[in-house]
Amino acid sequence: MFQLYQYATCPYCQRVMGTMQDLGLVENKDFVLVEASRGTPGRDEVVSLGGISQVPFLVDGDTKMYESGDIVAYLRKKYS
Ligand SMILES: N[C@@H](CCC(=O)N[C@@H](CS)C(=O)NCC(=O)O)C(=O)O
């Protein structure tokens, strides 16, 4: 199960979540969404885990990734 740090109105997050939907991934089975708009504990976790205050941010075990395009490619490769 991977974690996606995101917030609803972020277009880059929406792009990643659209891909997750296309791939048929199921919340709380395949992934957990973590609210990470500015000023939230989730955003603090993003900075502490990845070093940059930016979303979307994916954590899948030891894999930590920013950049929606990279995340989309990673998920398509893993789940297609
Ligand atoms: N190139 C990045 C852009 C991501 C990005 O700009 N995310 C915005 C939110 S939509 C962000 O985290 N901005 C910094 C902030 O909210 O503090 C991607 O494709 O993921």
# chains A, B, ... in the order shown; residues from 1 in each chain; ligands from 1
$ select_by_dssp --residues "chain A" --states "alpha helix (DSSP H)" --output "ChimeraX atom specification"
/A:11-22,41-50,68-79
$ residues_near_ligand --ligand "ligand 1" --cutoff "10 Å" --atoms "only C-alpha atoms and all ligand atoms" --output "ChimeraX atom specification"
/A:5-16,36-39,43,52-57,65-72
$ closest_residue --among "A:Thr63, A:Phe2, A:Ala73, A:Leu58" --to "Asp30 (chain A)" --atoms "only C-alpha atoms"
A:Phe2
$ closest_residue --among "A:Leu49, A:Thr19, A:Val32, A:Lys77" --to "Lys64 (chain A)" --atoms "only C-alpha atoms"
A:Leu49
$ select_by_dssp --residues "region 2-50 of chain A" --states "strand (DSSP E)" --output "NGL selection string"
:A and (2-6 or 31-35)
$ write_last_selection --atoms "C-alpha atoms" --output "short mmCIF file (atom, residue, chain, number, x, y, z; two decimals), in the first residue's frame"
data_model
loop_
_atom_site.label_atom_id
_atom_site.label_comp_id
_atom_site.auth_asym_id
_atom_site.auth_seq_id
_atom_site.Cartn_x
_atom_site.Cartn_y
_atom_site.Cartn_z
CA PHE A 2 1.38 3.42 -0.93
CA GLN A 3 0.62 6.87 0.47
CA LEU A 4 -0.21 9.83 -1.75
CA TYR A 5 0.15 13.23 -0.10
CA GLN A 6 -2.18 15.61 -1.89
CA PHE A 31 -3.31 3.38 -1.32
CA VAL A 32 -3.99 5.89 1.44
CA LEU A 33 -4.60 9.56 0.69
CA VAL A 34 -2.97 12.00 3.09
CA GLU A 35 -4.29 15.56 3.21
#
$ atom_distance --atom1 "CA of Lys78 (chain A)" --atom2 "CA of Val46 (chain A)"
22.2 Å
$ decode --residues "region 11-63 of chain A" --atoms "C-alpha atoms" --output "short mmCIF file (atom, residue, chain, number, x, y, z; two decimals), in the first residue's frame"
data_model
loop_
_atom_site.label_atom_id
_atom_site.label_comp_id
_atom_site.auth_asym_id
_atom_site.auth_seq_id
_atom_site.Cartn_x
_atom_site.Cartn_y
_atom_site.Cartn_z
CA PRO A 11 -4.27 20.04 -10.46
CA TYR A 12 -1.10 17.94 -10.37
CA CYS A 13 -2.63 15.82 -7.59
CA GLN A 14 -5.80 15.46 -9.63
CA ARG A 15 -3.75 14.18 -12.56
CA VAL A 16 -2.20 11.48 -10.38
CA MET A 17 -5.53 10.55 -8.82
CA GLY A 18 -7.09 10.29 -12.28
CA THR A 19 -4.42 7.76 -13.20
CA MET A 20 -5.05 5.85 -9.99
CA GLN A 21 -8.73 5.70 -10.90
CA ASP A 22 -7.92 4.57 -14.46
CA LEU A 23 -5.79 1.78 -13.04
CA GLY A 24 -8.63 0.66 -10.78
CA LEU A 25 -6.72 1.25 -7.57
CA VAL A 26 -8.83 1.16 -4.41
CA GLU A 27 -8.47 3.55 -1.47
CA ASN A 28 -7.42 1.88 1.78
CA LYS A 29 -6.55 -1.30 -0.11
CA ASP A 30 -3.97 -0.12 -2.64
CA PHE A 31 -3.31 3.38 -1.32
CA VAL A 32 -3.99 5.89 1.44
CA LEU A 33 -4.60 9.56 0.69
CA VAL A 34 -2.97 12.00 3.09
CA GLU A 35 -4.29 15.56 3.21
CA ALA A 36 -1.30 17.78 2.61
CA SER A 37 -2.47 21.29 1.88
CA ARG A 38 -0.24 24.03 3.32
CA GLY A 39 -0.18 24.22 7.10
CA THR A 40 -1.38 20.65 7.69
CA PRO A 41 0.47 17.87 9.53
CA GLY A 42 0.52 16.02 6.21
CA ARG A 43 2.54 18.83 4.63
CA ASP A 44 4.98 18.71 7.54
CA GLU A 45 5.41 14.99 6.83
CA VAL A 46 6.08 15.71 3.15
CA VAL A 47 8.91 18.06 4.10
CA SER A 48 10.33 15.73 6.70
CA LEU A 49 10.24 12.68 4.38
CA GLY A 50 11.21 14.31 1.10
CA GLY A 51 12.86 17.60 1.95
CA ILE A 52 10.65 19.78 -0.28
CA SER A 53 7.26 21.38 0.42
CA GLN A 54 5.50 20.20 -2.75
CA VAL A 55 2.63 17.87 -3.67
CA PRO A 56 1.77 15.42 -5.06
CA PHE A 57 4.26 13.32 -3.11
CA LEU A 58 4.22 9.53 -3.20
CA VAL A 59 5.67 7.18 -0.60
CA ASP A 60 5.75 3.48 -1.49
CA GLY A 61 7.98 1.71 0.97
CA ASP A 62 11.48 3.04 0.34
CA THR A 63 10.36 4.83 -2.83
#
